[in-house]
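Shown next: run.cif, containing mmCIF, C-alpha atoms.
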```cif
data_my_file
#
loop_
_atom_site.label_atom_id
_atom_site.label_comp_id
_atom_site.auth_asym_id
_atom_site.auth_seq_id
_atom_site.Cartn_x
_atom_site.Cartn_y
_atom_site.Cartn_z
CA MET A 1 2.81 28.97 -18.94
CA LYS A 2 1.18 26.70 -21.48
CA ASN A 3 4.35 24.67 -21.62
CA LYS A 4 4.58 24.41 -17.85
CA THR A 5 1.01 23.15 -17.54
CA PHE A 6 1.76 20.52 -20.13
CA GLN A 7 4.87 19.47 -18.26
CA SER A 8 2.88 18.62 -15.16
CA LEU A 9 1.23 15.95 -17.32
CA THR A 10 4.31 14.51 -19.01
CA ASN A 11 6.93 14.83 -16.29
CA PRO A 12 5.59 12.07 -14.01
CA LEU A 13 5.43 9.60 -16.90
CA ALA A 14 9.16 8.88 -16.94
CA LYS A 15 11.52 11.49 -15.53
CA ASN A 16 9.73 11.89 -12.21
CA ASN A 17 7.79 8.63 -12.15
CA PRO A 18 5.89 8.21 -8.85
CA VAL A 19 6.82 4.54 -8.41
CA LEU A 20 10.38 4.47 -9.69
CA VAL A 21 11.66 7.83 -8.50
CA GLN A 22 9.41 9.01 -5.68
CA ILE A 23 8.99 5.40 -4.37
CA LEU A 24 5.29 5.92 -3.71
CA GLY A 25 2.37 3.54 -4.04
CA ILE A 26 4.46 0.40 -4.01
CA CYS A 27 2.10 -1.90 -2.13
CA SER A 28 -0.59 -2.09 -4.75
CA ALA A 29 1.91 -1.89 -7.59
CA LEU A 30 3.26 -5.24 -6.49
CA ALA A 31 0.18 -7.02 -5.28
CA VAL A 32 -2.11 -6.70 -8.28
CA THR A 33 0.41 -7.46 -11.00
CA THR A 34 0.38 -11.25 -11.23
CA GLN A 35 -1.63 -10.74 -14.42
CA LEU A 36 -1.91 -7.94 -16.93
CA LYS A 37 -5.65 -7.33 -16.73
CA PRO A 38 -5.97 -6.42 -13.03
CA ALA A 39 -2.83 -4.31 -13.45
CA LEU A 40 -4.55 -2.32 -16.23
CA VAL A 41 -7.76 -1.89 -14.23
CA MET A 42 -5.82 -0.83 -11.15
CA GLY A 43 -3.78 1.69 -13.16
CA LEU A 44 -6.95 3.25 -14.56
CA SER A 45 -8.68 3.34 -11.15
CA VAL A 46 -5.74 5.07 -9.52
CA THR A 47 -5.52 7.54 -12.42
CA ALA A 48 -9.19 8.43 -11.97
CA VAL A 49 -8.95 8.80 -8.18
CA CYS A 50 -5.71 10.75 -8.38
CA ALA A 51 -7.01 13.15 -11.04
CA PHE A 52 -10.29 13.88 -9.28
CA SER A 53 -8.86 14.13 -5.76
CA ASN A 54 -6.30 16.62 -7.08
CA LEU A 55 -9.05 18.59 -8.82
CA VAL A 56 -11.45 18.63 -5.87
CA LEU A 57 -8.84 19.45 -3.24
CA SER A 58 -7.29 22.10 -5.46
CA LEU A 59 -10.70 23.76 -5.72
CA LEU A 60 -11.11 23.55 -1.94
CA ARG A 61 -7.54 24.51 -1.12
CA ASN A 62 -8.27 28.02 0.17
CA GLY A 63 -11.05 26.87 2.48
CA ILE A 64 -9.31 24.02 4.34
CA PRO A 65 -7.76 24.90 7.72
CA ASP A 66 -4.20 23.66 7.86
CA ARG A 67 -4.56 21.64 11.06
CA ILE A 68 -7.29 19.31 9.89
CA ARG A 69 -6.26 19.03 6.26
CA ILE A 70 -5.21 15.36 6.50
CA ILE A 71 -8.67 14.26 7.62
CA VAL A 72 -10.32 16.39 4.93
CA GLN A 73 -8.04 14.88 2.28
CA LEU A 74 -8.70 11.36 3.48
CA VAL A 75 -12.46 11.86 3.45
CA VAL A 76 -12.43 13.23 -0.11
CA ILE A 77 -10.18 10.39 -1.28
CA ALA A 78 -12.18 7.73 0.56
CA ALA A 79 -15.41 8.99 -1.02
CA LEU A 80 -13.85 8.82 -4.51
CA VAL A 81 -12.50 5.32 -3.86
CA THR A 82 -15.91 4.15 -2.67
CA ILE A 83 -17.36 5.31 -6.00
CA VAL A 84 -14.60 3.57 -7.97
CA ASN A 85 -15.10 0.40 -5.95
CA ASP A 86 -18.84 0.33 -6.71
CA ILE A 87 -18.24 1.01 -10.42
CA LEU A 88 -15.74 -1.86 -10.59
CA LYS A 89 -18.17 -4.18 -8.82
CA ALA A 90 -20.90 -3.22 -11.28
CA TYR A 91 -18.98 -3.54 -14.55
CA VAL A 92 -15.94 -5.81 -14.06
CA TYR A 93 -16.98 -8.02 -11.18
CA ASP A 94 -14.34 -10.72 -11.69
CA VAL A 95 -11.47 -8.23 -11.71
CA SER A 96 -12.94 -6.50 -8.67
CA LYS A 97 -12.91 -9.85 -6.83
CA GLN A 98 -9.30 -10.41 -7.88
CA LEU A 99 -8.22 -6.99 -6.65
CA SER A 100 -10.03 -7.61 -3.31
CA VAL A 101 -8.79 -5.31 -0.56
CA TYR A 102 -6.38 -3.49 -2.82
CA VAL A 103 -9.15 -1.32 -4.24
CA GLY A 104 -9.84 -0.05 -0.73
CA LEU A 105 -6.15 0.47 -0.28
CA ILE A 106 -6.12 3.10 -3.02
CA ILE A 107 -7.13 5.40 -0.14
CA THR A 108 -3.81 4.90 1.55
CA ASN A 109 -1.88 4.80 -1.70
CA CYS A 110 0.77 7.37 -0.97
CA ILE A 111 0.79 8.62 -4.58
CA ILE A 112 -2.60 10.18 -4.08
CA MET A 113 -1.93 11.75 -0.67
CA GLY A 114 1.54 12.73 -1.82
CA ARG A 115 0.34 14.53 -4.94
CA VAL A 116 -2.44 16.31 -3.06
CA GLU A 117 0.02 17.50 -0.40
CA ALA A 118 2.83 18.36 -2.75
CA PHE A 119 0.92 19.74 -5.71
CA ALA A 120 -2.83 20.28 -5.50
CA LEU A 121 -2.79 22.33 -2.29
CA SER A 122 -0.56 24.96 -3.86
CA ASN A 123 -1.65 24.99 -7.49
CA LYS A 124 -4.63 25.96 -9.62
CA PRO A 125 -7.26 23.31 -10.53
CA LEU A 126 -6.24 22.72 -14.17
CA PRO A 127 -2.54 21.95 -13.60
CA SER A 128 -3.57 19.86 -10.58
CA LEU A 129 -5.92 17.78 -12.70
CA LEU A 130 -3.18 17.22 -15.28
CA ASP A 131 -0.65 16.39 -12.57
CA GLY A 132 -3.08 13.82 -11.18
CA ILE A 133 -3.61 12.23 -14.58
CA GLY A 134 0.12 12.22 -15.29
CA ASN A 135 1.01 10.56 -12.00
CA GLY A 136 -1.78 8.03 -12.32
CA LEU A 137 -0.60 7.10 -15.81
CA GLY A 138 3.02 6.94 -14.69
CA TYR A 139 1.97 4.52 -11.97
CA GLY A 140 -0.16 2.55 -14.44
CA ALA A 141 2.75 2.28 -16.87
CA VAL A 142 4.96 0.64 -14.24
CA LEU A 143 2.12 -1.71 -13.27
CA VAL A 144 1.69 -2.76 -16.88
CA ILE A 145 5.41 -3.45 -17.29
CA ILE A 146 5.50 -5.60 -14.14
CA GLY A 147 2.22 -7.33 -15.02
CA PHE A 148 3.49 -8.04 -18.54
CA PHE A 149 6.60 -9.86 -17.35
CA ARG A 150 4.91 -11.70 -14.50
CA GLU A 151 2.05 -13.01 -16.62
CA LEU A 152 4.29 -13.86 -19.58
CA LEU A 153 6.94 -15.67 -17.57
CA GLY A 154 4.66 -17.09 -14.90
CA ASN A 155 1.71 -18.29 -16.99
CA GLY A 156 2.87 -18.00 -20.59
CA THR A 157 -0.19 -15.86 -21.34
CA LEU A 158 -1.01 -12.18 -21.89
CA LEU A 159 -4.44 -10.83 -20.93
CA GLY A 160 -5.51 -14.47 -20.68
CA TYR A 161 -4.43 -15.45 -24.22
CA GLN A 162 -1.67 -17.98 -24.63
CA VAL A 163 1.41 -16.36 -26.13
CA ILE A 164 4.17 -18.92 -25.74
CA PRO A 165 3.60 -21.55 -28.44
CA ASN A 166 2.90 -25.16 -27.49
CA CYS A 167 5.95 -26.45 -29.36
CA LEU A 168 8.17 -24.64 -26.86
CA TYR A 169 6.49 -26.48 -24.00
CA GLU A 170 6.96 -29.74 -25.84
CA ALA A 171 10.63 -28.89 -26.23
CA GLY A 172 10.89 -28.75 -22.45
CA TYR A 173 10.10 -25.10 -21.63
CA VAL A 174 8.49 -24.69 -18.19
CA ASN A 175 6.62 -21.71 -16.76
CA ASN A 176 8.44 -20.02 -13.92
CA GLY A 177 6.10 -20.48 -10.96
CA LEU A 178 8.14 -18.16 -8.78
CA MET A 179 6.97 -15.24 -10.93
CA LEU A 180 3.50 -15.59 -9.46
CA PHE A 181 4.78 -15.29 -5.89
CA PRO A 182 5.36 -11.96 -4.14
CA PRO A 183 9.20 -11.97 -4.11
CA ALA A 184 9.40 -11.99 -7.91
CA ALA A 185 7.47 -8.71 -8.09
CA LEU A 186 9.93 -7.05 -5.73
CA ILE A 187 12.89 -8.23 -7.74
CA ILE A 188 11.34 -7.04 -11.02
CA VAL A 189 10.74 -3.58 -9.53
CA GLY A 190 14.34 -3.54 -8.31
CA ILE A 191 15.57 -4.32 -11.81
CA ILE A 192 13.28 -1.73 -13.42
CA ILE A 193 14.63 0.90 -11.02
CA TRP A 194 18.17 -0.19 -11.90
CA VAL A 195 17.53 0.19 -15.64
CA HIS A 196 15.73 3.51 -15.11
CA ARG A 197 18.58 4.93 -13.02
CA SER A 198 21.22 3.72 -15.42
CA THR A 199 19.59 5.80 -18.16
CA ASN A 200 18.88 8.81 -15.90
CA LYS A 201 22.29 9.30 -14.34
CA ASP A 202 21.28 12.36 -12.31
CA LEU A 203 19.00 10.21 -10.13
CA GLN A 204 21.78 7.93 -8.92
CA GLU A 205 22.83 8.05 -5.29
CA LYS A 206 26.50 8.65 -4.57
CA MET B 1 -4.30 -22.15 21.66
CA GLU B 2 -6.44 -20.91 18.78
CA LEU B 3 -5.27 -17.39 19.48
CA LEU B 4 -1.61 -18.45 19.49
CA LYS B 5 -2.12 -20.10 16.11
CA LEU B 6 -3.70 -16.94 14.77
CA PHE B 7 -0.79 -14.90 16.11
CA ILE B 8 1.84 -17.09 14.45
CA GLN B 9 -0.20 -17.21 11.26
CA SER B 10 -0.50 -13.44 11.01
CA THR B 11 3.09 -12.74 12.06
CA PHE B 12 5.01 -15.21 9.92
CA ILE B 13 2.89 -16.99 7.36
CA ASP B 14 0.82 -14.02 6.26
CA ASN B 15 3.55 -11.49 6.95
CA MET B 16 2.26 -8.04 6.02
CA VAL B 17 5.37 -7.04 4.10
CA PHE B 18 6.47 -10.24 2.44
CA SER B 19 3.18 -11.74 1.38
CA PHE B 20 0.92 -8.71 0.94
CA PHE B 21 3.36 -5.83 0.39
CA PHE B 22 1.52 -3.70 2.94
CA GLY B 23 3.31 -0.64 4.20
CA MET B 24 6.00 -0.86 1.53
CA CYS B 25 6.43 2.90 1.12
CA SER B 26 7.50 3.63 4.67
CA TYR B 27 9.23 0.24 4.78
CA ILE B 28 11.62 1.29 2.01
CA ALA B 29 11.87 4.93 3.08
CA VAL B 30 12.49 4.48 6.81
CA SER B 31 14.66 1.35 6.87
CA LYS B 32 17.96 3.20 6.66
CA SER B 33 18.83 2.98 10.36
CA VAL B 34 17.90 0.39 12.96
CA LYS B 35 16.95 2.95 15.59
CA THR B 36 14.29 4.80 13.61
CA ALA B 37 13.05 1.55 12.10
CA ASN B 38 12.54 0.21 15.59
CA GLY B 39 10.55 3.28 16.64
CA LEU B 40 8.32 3.14 13.61
CA GLY B 41 7.78 -0.61 14.01
CA LEU B 42 6.72 -0.11 17.63
CA ALA B 43 4.30 2.67 16.68
CA VAL B 44 2.77 0.66 13.83
CA THR B 45 2.32 -2.40 16.05
CA PHE B 46 0.61 -0.33 18.73
CA VAL B 47 -1.70 1.47 16.30
CA MET B 48 -2.69 -1.84 14.67
CA LEU B 49 -3.33 -3.46 18.05
CA MET B 50 -5.77 -0.65 18.83
CA THR B 51 -7.42 0.16 15.51
CA VAL B 52 -8.18 -3.36 14.26
CA PRO B 53 -10.43 -4.20 17.26
CA LEU B 54 -11.98 -0.70 17.11
CA ASN B 55 -12.82 -1.18 13.45
CA TYR B 56 -14.03 -4.69 14.25
CA LEU B 57 -16.59 -3.28 16.69
CA LEU B 58 -17.59 -0.65 14.16
CA GLU B 59 -17.99 -3.27 11.44
CA ASN B 60 -20.08 -5.63 13.55
CA TYR B 61 -22.26 -3.17 15.43
CA VAL B 62 -22.73 -0.42 12.86
CA LEU B 63 -21.74 -1.23 9.30
CA LYS B 64 -22.61 -4.84 8.44
CA ALA B 65 -25.99 -5.75 6.94
CA GLY B 66 -28.36 -6.05 9.91
CA ALA B 67 -25.70 -4.92 12.37
CA LEU B 68 -27.84 -2.11 13.68
CA SER B 69 -30.55 -4.46 14.99
CA TRP B 70 -29.20 -4.03 18.55
CA ILE B 71 -30.71 -0.53 18.56
CA SER B 72 -34.14 -1.62 17.40
CA PRO B 73 -35.36 -4.58 15.29
CA GLU B 74 -36.66 -2.25 12.58
CA LEU B 75 -33.11 -1.33 11.65
CA ALA B 76 -32.24 -4.94 10.80
CA SER B 77 -32.57 -4.29 7.08
CA VAL B 78 -30.07 -1.41 7.05
CA ASP B 79 -26.78 -2.14 5.30
CA LEU B 80 -24.16 0.56 5.71
CA SER B 81 -21.20 -1.42 4.41
CA PHE B 82 -20.61 1.04 1.57
CA LEU B 83 -19.48 3.50 4.25
CA SER B 84 -16.77 1.20 5.55
CA PHE B 85 -13.80 2.76 3.70
CA ILE B 86 -14.60 6.24 4.95
CA LEU B 87 -15.27 5.17 8.54
CA PHE B 88 -12.23 2.90 8.80
CA ILE B 89 -9.87 5.57 7.56
CA ALA B 90 -11.51 8.16 9.82
CA VAL B 91 -10.99 5.90 12.86
CA ILE B 92 -7.37 5.33 11.90
CA ALA B 93 -6.63 9.00 11.22
CA ALA B 94 -8.38 10.10 14.41
CA PHE B 95 -6.58 7.47 16.48
CA VAL B 96 -3.20 8.46 15.11
CA GLN B 97 -3.93 12.10 15.82
CA LEU B 98 -4.97 11.19 19.38
CA LEU B 99 -1.89 9.05 19.89
CA GLU B 100 0.28 11.90 18.70
CA MET B 101 -1.21 14.27 21.24
CA VAL B 102 -0.98 11.74 24.11
CA VAL B 103 2.63 10.87 23.35
CA GLU B 104 3.56 14.54 23.03
CA LYS B 105 2.00 15.29 26.42
CA PHE B 106 3.28 12.34 28.46
CA SER B 107 6.55 11.33 26.86
CA PRO B 108 8.23 14.17 24.99
CA SER B 109 11.39 12.09 24.50
CA LEU B 110 9.53 9.31 22.68
CA TYR B 111 7.67 12.00 20.75
CA ASN B 112 10.91 13.53 19.57
CA SER B 113 12.35 10.22 18.50
CA LEU B 114 9.21 9.23 16.58
CA GLY B 115 8.48 12.78 15.48
CA ILE B 116 7.61 12.81 11.81
CA PHE B 117 6.74 9.10 11.65
CA LEU B 118 3.63 9.34 13.78
CA PRO B 119 1.47 11.28 11.29
CA LEU B 120 2.89 9.07 8.51
CA ILE B 121 1.29 6.03 10.13
CA ALA B 122 -2.18 7.23 9.13
CA VAL B 123 -1.35 6.51 5.51
CA ASN B 124 0.63 3.34 6.17
CA CYS B 125 -1.29 0.80 4.16
CA ALA B 126 -0.51 -1.97 6.65
CA ILE B 127 -3.03 -0.45 9.03
CA MET B 128 -5.82 0.12 6.55
CA GLY B 129 -4.99 -3.30 5.09
CA GLY B 130 -5.33 -4.86 8.53
CA ALA B 131 -8.79 -3.32 8.85
CA LEU B 132 -9.87 -4.55 5.42
CA PHE B 133 -8.58 -8.08 6.02
CA MET B 134 -10.39 -8.12 9.34
CA GLN B 135 -13.57 -7.27 7.44
CA GLN B 136 -12.96 -10.08 4.93
CA ARG B 137 -12.12 -12.79 7.42
CA ASN B 138 -15.15 -12.46 9.72
CA PHE B 139 -13.43 -13.04 13.05
CA ALA B 140 -15.69 -14.48 15.73
CA THR B 141 -14.70 -12.28 18.66
CA VAL B 142 -13.07 -8.95 19.25
CA GLY B 143 -10.21 -10.80 20.96
CA GLU B 144 -9.36 -12.59 17.72
CA ALA B 145 -9.38 -9.29 15.89
CA ALA B 146 -7.01 -7.82 18.47
CA VAL B 147 -4.62 -10.78 18.19
CA PHE B 148 -4.72 -10.50 14.42
CA GLY B 149 -3.93 -6.78 14.61
CA PHE B 150 -1.08 -7.34 17.04
CA GLY B 151 0.38 -10.25 15.07
CA SER B 152 0.29 -8.37 11.79
CA GLY B 153 1.87 -5.30 13.32
CA PHE B 154 4.53 -7.44 14.99
CA GLY B 155 5.33 -9.13 11.68
CA TRP B 156 5.78 -5.71 10.09
CA TRP B 157 8.04 -4.67 12.95
CA ILE B 158 10.27 -7.75 12.52
CA ALA B 159 10.43 -7.16 8.77
CA ILE B 160 11.51 -3.53 8.97
CA LEU B 161 14.04 -4.32 11.71
CA VAL B 162 15.71 -7.07 9.66
CA MET B 163 15.76 -4.83 6.62
CA ALA B 164 17.29 -1.89 8.49
CA ALA B 165 20.02 -4.12 9.91
CA ILE B 166 20.90 -5.40 6.44
CA ARG B 167 20.94 -1.91 4.97
CA GLU B 168 23.24 -0.63 7.71
CA ARG B 169 25.76 -3.29 6.76
CA LEU B 170 25.30 -2.56 3.05
CA ALA B 171 26.47 1.00 3.53
CA TYR B 172 30.02 -0.34 3.38
CA SER B 173 29.70 -2.47 0.27
CA ASN B 174 30.42 -1.59 -3.30
CA VAL B 175 27.13 -1.64 -5.19
CA PRO B 176 26.63 -0.78 -8.90
CA LYS B 177 25.67 2.89 -9.17
CA GLY B 178 22.20 2.53 -10.61
CA LEU B 179 21.24 -0.05 -8.02
CA ARG B 180 22.12 2.01 -4.93
CA GLY B 181 19.27 2.99 -2.65
CA PRO B 182 15.75 1.82 -3.47
CA GLY B 183 16.69 -0.55 -6.30
CA LEU B 184 18.77 -2.76 -4.06
CA ALA B 185 16.29 -2.39 -1.20
CA PHE B 186 13.62 -3.97 -3.40
CA ILE B 187 15.81 -6.86 -4.43
CA ILE B 188 16.79 -7.57 -0.80
CA THR B 189 13.13 -7.49 0.19
CA GLY B 190 12.47 -9.99 -2.58
CA LEU B 191 15.15 -12.31 -1.23
CA LEU B 192 13.85 -11.95 2.33
CA GLY B 193 10.40 -12.71 0.97
CA MET B 194 11.71 -15.95 -0.54
CA ALA B 195 13.15 -16.86 2.86
CA PHE B 196 9.80 -16.15 4.48
CA MET B 197 8.06 -18.36 1.94
CA ILE B 198 9.25 -21.42 3.90
CA PHE B 199 6.70 -20.52 6.57
CA SER B 200 3.87 -21.07 4.11
CA GLY B 201 4.57 -24.81 4.34
CA PHE B 202 3.88 -24.73 8.07
CA GLN B 203 1.16 -27.12 9.18
CA MET B 204 -0.61 -25.77 12.24
#
```

Step by step, read the file and then write its structure as structure tokens.
Amino acid sequence: MKNKTFQSLTNPLAKNNPVLVQILGICSALAVTTQLKPALVMGLSVTAVCAFSNLVLSLLRNGIPDRIRIIVQLVVIAALVTIVNDILKAYVYDVSKQLSVYVGLIITNCIIMGRVEAFALSNKPLPSLLDGIGNGLGYGAVLVIIGFFRELLGNGTLLGYQVIPNCLYEAGYVNNGLMLFPPAALIIVGIIIWVHRSTNKDLQEK
Amino acid sequence: MELLKLFIQSTFIDNMVFSFFFGMCSYIAVSKSVKTANGLGLAVTFVMLMTVPLNYLLENYVLKAGALSWISPELASVDLSFLSFILFIAVIAAFVQLLEMVVEKFSPSLYNSLGIFLPLIAVNCAIMGGALFMQQRNFATVGEAAVFGFGSGFGWWIAILVMAAIRERLAYSNVPKGLRGPGLAFIITGLLGMAFMIFSGFQM
């Protein structure tokens, strides 16, 4: 039992990653990753919302009538996202401006709805909380990988600090501007999925 | 003329899928056959055409700072904008539920062909995204909001249709094992996105 509870935390990190395997929550994963910092903030916000929505709805699971459960879920999630949005505005205003509508879009991030539907409504609060944290972190990990490559190749910086030395620029190295545009994010995700599936052969489609 | 510009802008230049990644989850999941993609695109376009103006009215007559002053001048200082996420999503979820019931009652054949996709629309981020962009852009009239909603939905429809057509052809090609399915779908979307980037040079 102990082991199983622990697995609900670690499984979504790689083997059953929400972005790479379940193909959930793509929209925000791509949009906020032009730089590393918003990607980190977004990963943490989604982890918080996912963990608490799983916890709250798992506690409520026996009292929600089946027919109206989607509205109940959305209201709980929307309330949590409103809180996160206000916290971000209060403490990291510049990042909150950068994330713009994508904070609000955490509500419709399918990872959160998906985990509530698939896990929290049929499991006890503690495993649900861990499952939420695990999925949030799995999502955050992918965001950080994408953000890392896009900021490094697109701007030559990481978290705002210059990483690529000036002598390289003098030798003729140029930042790849395409990395900052939307299509590059899609292609990076495609390649990450390719690498991930090549190492986990059982996920491959015939 | 202004409205036509707005339509073209929201359909092609600010395409929901290729420049904002809205509705990616169902875009990747449902684009395996042209027929279902077409049904979902139609449903999304319709829901956006209806919910964006509805949320526009809500935003301007209930939520915005001072928006309640049409009830009585004393309410001019009330600012309910912190409620906007909850109300927008409630409108969308309620509308989708309503649409589902109406379609089921009046056109069972359409209902069967859309079936599972209808409830999915409630969590399609394109629709919530449309509402949030509407809030950011401060449209002047409800007509503009409606055109924006329709244009964005239409752009999404085109995108998923093109994608489904490409994926139907791809079923016959020899793709590296690890890349089959979603991996390749992402890369194709990226390439389509590059093609759509030419529209951003459009002078209107």

Quiz prompt | chain A contacts to chain B at 6 Å (only C-alpha atoms) as a list in words | solution =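 Within 6 Å of chain B on chain A, we get Leu24, Ile26, Cys27, Ala78, Thr108, Pro182, Pro183, Leu186, Ile187, Gly190, Ile193, Trp194, Arg197, Ser198 and Gln204 of chain A.
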
Quiz item: Any chance you could work out the residue set of the PyMOL selection byres ((chain A and resi 112) around 9) here, as JSON, numbers by chain?
Solution: {"A": [24, 25, 46, 49, 50, 51, 53, 54, 77, 106, 107, 108, 109, 110, 111, 113, 114, 115, 116, 117, 132, 135, 136]}

Filtering to C-alpha atoms, could you give me those residues as an mmCIF file, in the coordinates of the input?
```
data_model
loop_
_atom_site.group_PDB
_atom_site.id
_atom_site.type_symbol
_atom_site.label_atom_id
_atom_site.label_comp_id
_atom_site.auth_asym_id
_atom_site.auth_seq_id
_atom_site.Cartn_x
_atom_site.Cartn_y
_atom_site.Cartn_z
ATOM 1 C CA LEU A 24 5.290 5.920 -3.710
ATOM 2 C CA GLY A 25 2.370 3.540 -4.040
ATOM 3 C CA VAL A 46 -5.740 5.070 -9.520
ATOM 4 C CA VAL A 49 -8.950 8.800 -8.180
ATOM 5 C CA CYS A 50 -5.710 10.750 -8.380
ATOM 6 C CA ALA A 51 -7.010 13.150 -11.040
ATOM 7 C CA SER A 53 -8.860 14.130 -5.760
ATOM 8 C CA ASN A 54 -6.300 16.620 -7.080
ATOM 9 C CA ILE A 77 -10.180 10.390 -1.280
ATOM 10 C CA ILE A 106 -6.120 3.100 -3.020
ATOM 11 C CA ILE A 107 -7.130 5.400 -0.140
ATOM 12 C CA THR A 108 -3.810 4.900 1.550
ATOM 13 C CA ASN A 109 -1.880 4.800 -1.700
ATOM 14 C CA CYS A 110 0.770 7.370 -0.970
ATOM 15 C CA ILE A 111 0.790 8.620 -4.580
ATOM 16 C CA MET A 113 -1.930 11.750 -0.670
ATOM 17 C CA GLY A 114 1.540 12.730 -1.820
ATOM 18 C CA ARG A 115 0.340 14.530 -4.940
ATOM 19 C CA VAL A 116 -2.440 16.310 -3.060
ATOM 20 C CA GLU A 117 0.020 17.500 -0.400
ATOM 21 C CA GLY A 132 -3.080 13.820 -11.180
ATOM 22 C CA ASN A 135 1.010 10.560 -12.000
ATOM 23 C CA GLY A 136 -1.780 8.030 -12.320
#
```

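Among the candidate residues B:Leu118, B:Ile71, B:Thr45, B:Gly149, the one lying nearest to B:Val103 is B:Leu118, with distances computed using only C-alpha atoms.
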
Quiz item: What lies within 8 Å of B:Asn38 using all atoms listed in the file, ignoring chain neighbours under 6 positions off, as a list in words?
Solution: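 Residues meeting the cut-off are Trp157, Ile160 and Leu161 of chain B.
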
Quiz item: Suppose you want the space between atom CA of B:Asp14 and atom CA of B:Ser200; what is it in Å?
Solution: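 For atom CA of B:Asp14 relative to atom CA of B:Ser200, the distance reads 8.0 Å.
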
Quiz item: Rounded to one decimal in Å, what is the spacing between atom CA of B:Gly153 and atom CA of B:Phe106?
Solution: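 Interatomic distance here is 23.3 Å.
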
Quiz item: What is the atom CA of A:Val189-atom CA of B:Ser10 distance in Å, reported with one decimal?
Solution: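 Between these atoms lies a distance of 25.4 Å.
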
Could stretch 174-178 of chain B be completed with all heavy atoms and written as an mmCIF file, in the coordinates of the input, please?
```cif
data_model
loop_
_atom_site.group_PDB
_atom_site.id
_atom_site.type_symbol
_atom_site.label_atom_id
_atom_site.label_comp_id
_atom_site.auth_asym_id
_atom_site.auth_seq_id
_atom_site.Cartn_x
_atom_site.Cartn_y
_atom_site.Cartn_z
ATOM 1 N N ASN B 174 30.287 -2.260 -2.013
ATOM 2 C CA ASN B 174 30.420 -1.590 -3.300
ATOM 3 C C ASN B 174 29.312 -2.084 -4.238
ATOM 4 O O ASN B 174 29.380 -3.176 -4.762
ATOM 5 C CB ASN B 174 31.806 -1.920 -3.861
ATOM 6 C CG ASN B 174 32.096 -1.090 -5.069
ATOM 7 O OD1 ASN B 174 31.343 -0.156 -5.367
ATOM 8 N ND2 ASN B 174 33.157 -1.420 -5.778
ATOM 9 N N VAL B 175 28.309 -1.253 -4.430
ATOM 10 C CA VAL B 175 27.130 -1.640 -5.190
ATOM 11 C C VAL B 175 27.136 -0.887 -6.518
ATOM 12 O O VAL B 175 27.558 0.265 -6.546
ATOM 13 C CB VAL B 175 25.855 -1.280 -4.390
ATOM 14 C CG1 VAL B 175 24.598 -1.630 -5.140
ATOM 15 C CG2 VAL B 175 25.884 -1.941 -3.037
ATOM 16 N N PRO B 176 26.706 -1.508 -7.626
ATOM 17 C CA PRO B 176 26.630 -0.780 -8.900
ATOM 18 C C PRO B 176 25.825 0.510 -8.725
ATOM 19 O O PRO B 176 24.835 0.526 -7.983
ATOM 20 C CB PRO B 176 25.887 -1.732 -9.826
ATOM 21 C CG PRO B 176 26.057 -3.075 -9.222
ATOM 22 C CD PRO B 176 26.316 -2.900 -7.771
ATOM 23 N N LYS B 177 26.250 1.570 -9.430
ATOM 24 C CA LYS B 177 25.670 2.890 -9.170
ATOM 25 C C LYS B 177 24.160 2.946 -9.295
ATOM 26 O O LYS B 177 23.475 3.490 -8.432
ATOM 27 C CB LYS B 177 26.295 3.912 -10.120
ATOM 28 C CG LYS B 177 27.618 4.454 -9.652
ATOM 29 C CD LYS B 177 27.789 5.906 -10.107
ATOM 30 C CE LYS B 177 29.096 6.491 -9.612
ATOM 31 N NZ LYS B 177 30.237 6.136 -10.477
ATOM 32 N N GLY B 178 23.628 2.395 -10.371
ATOM 33 C CA GLY B 178 22.200 2.530 -10.610
ATOM 34 C C GLY B 178 21.358 1.774 -9.595
ATOM 35 O O GLY B 178 20.180 2.025 -9.436
#
```
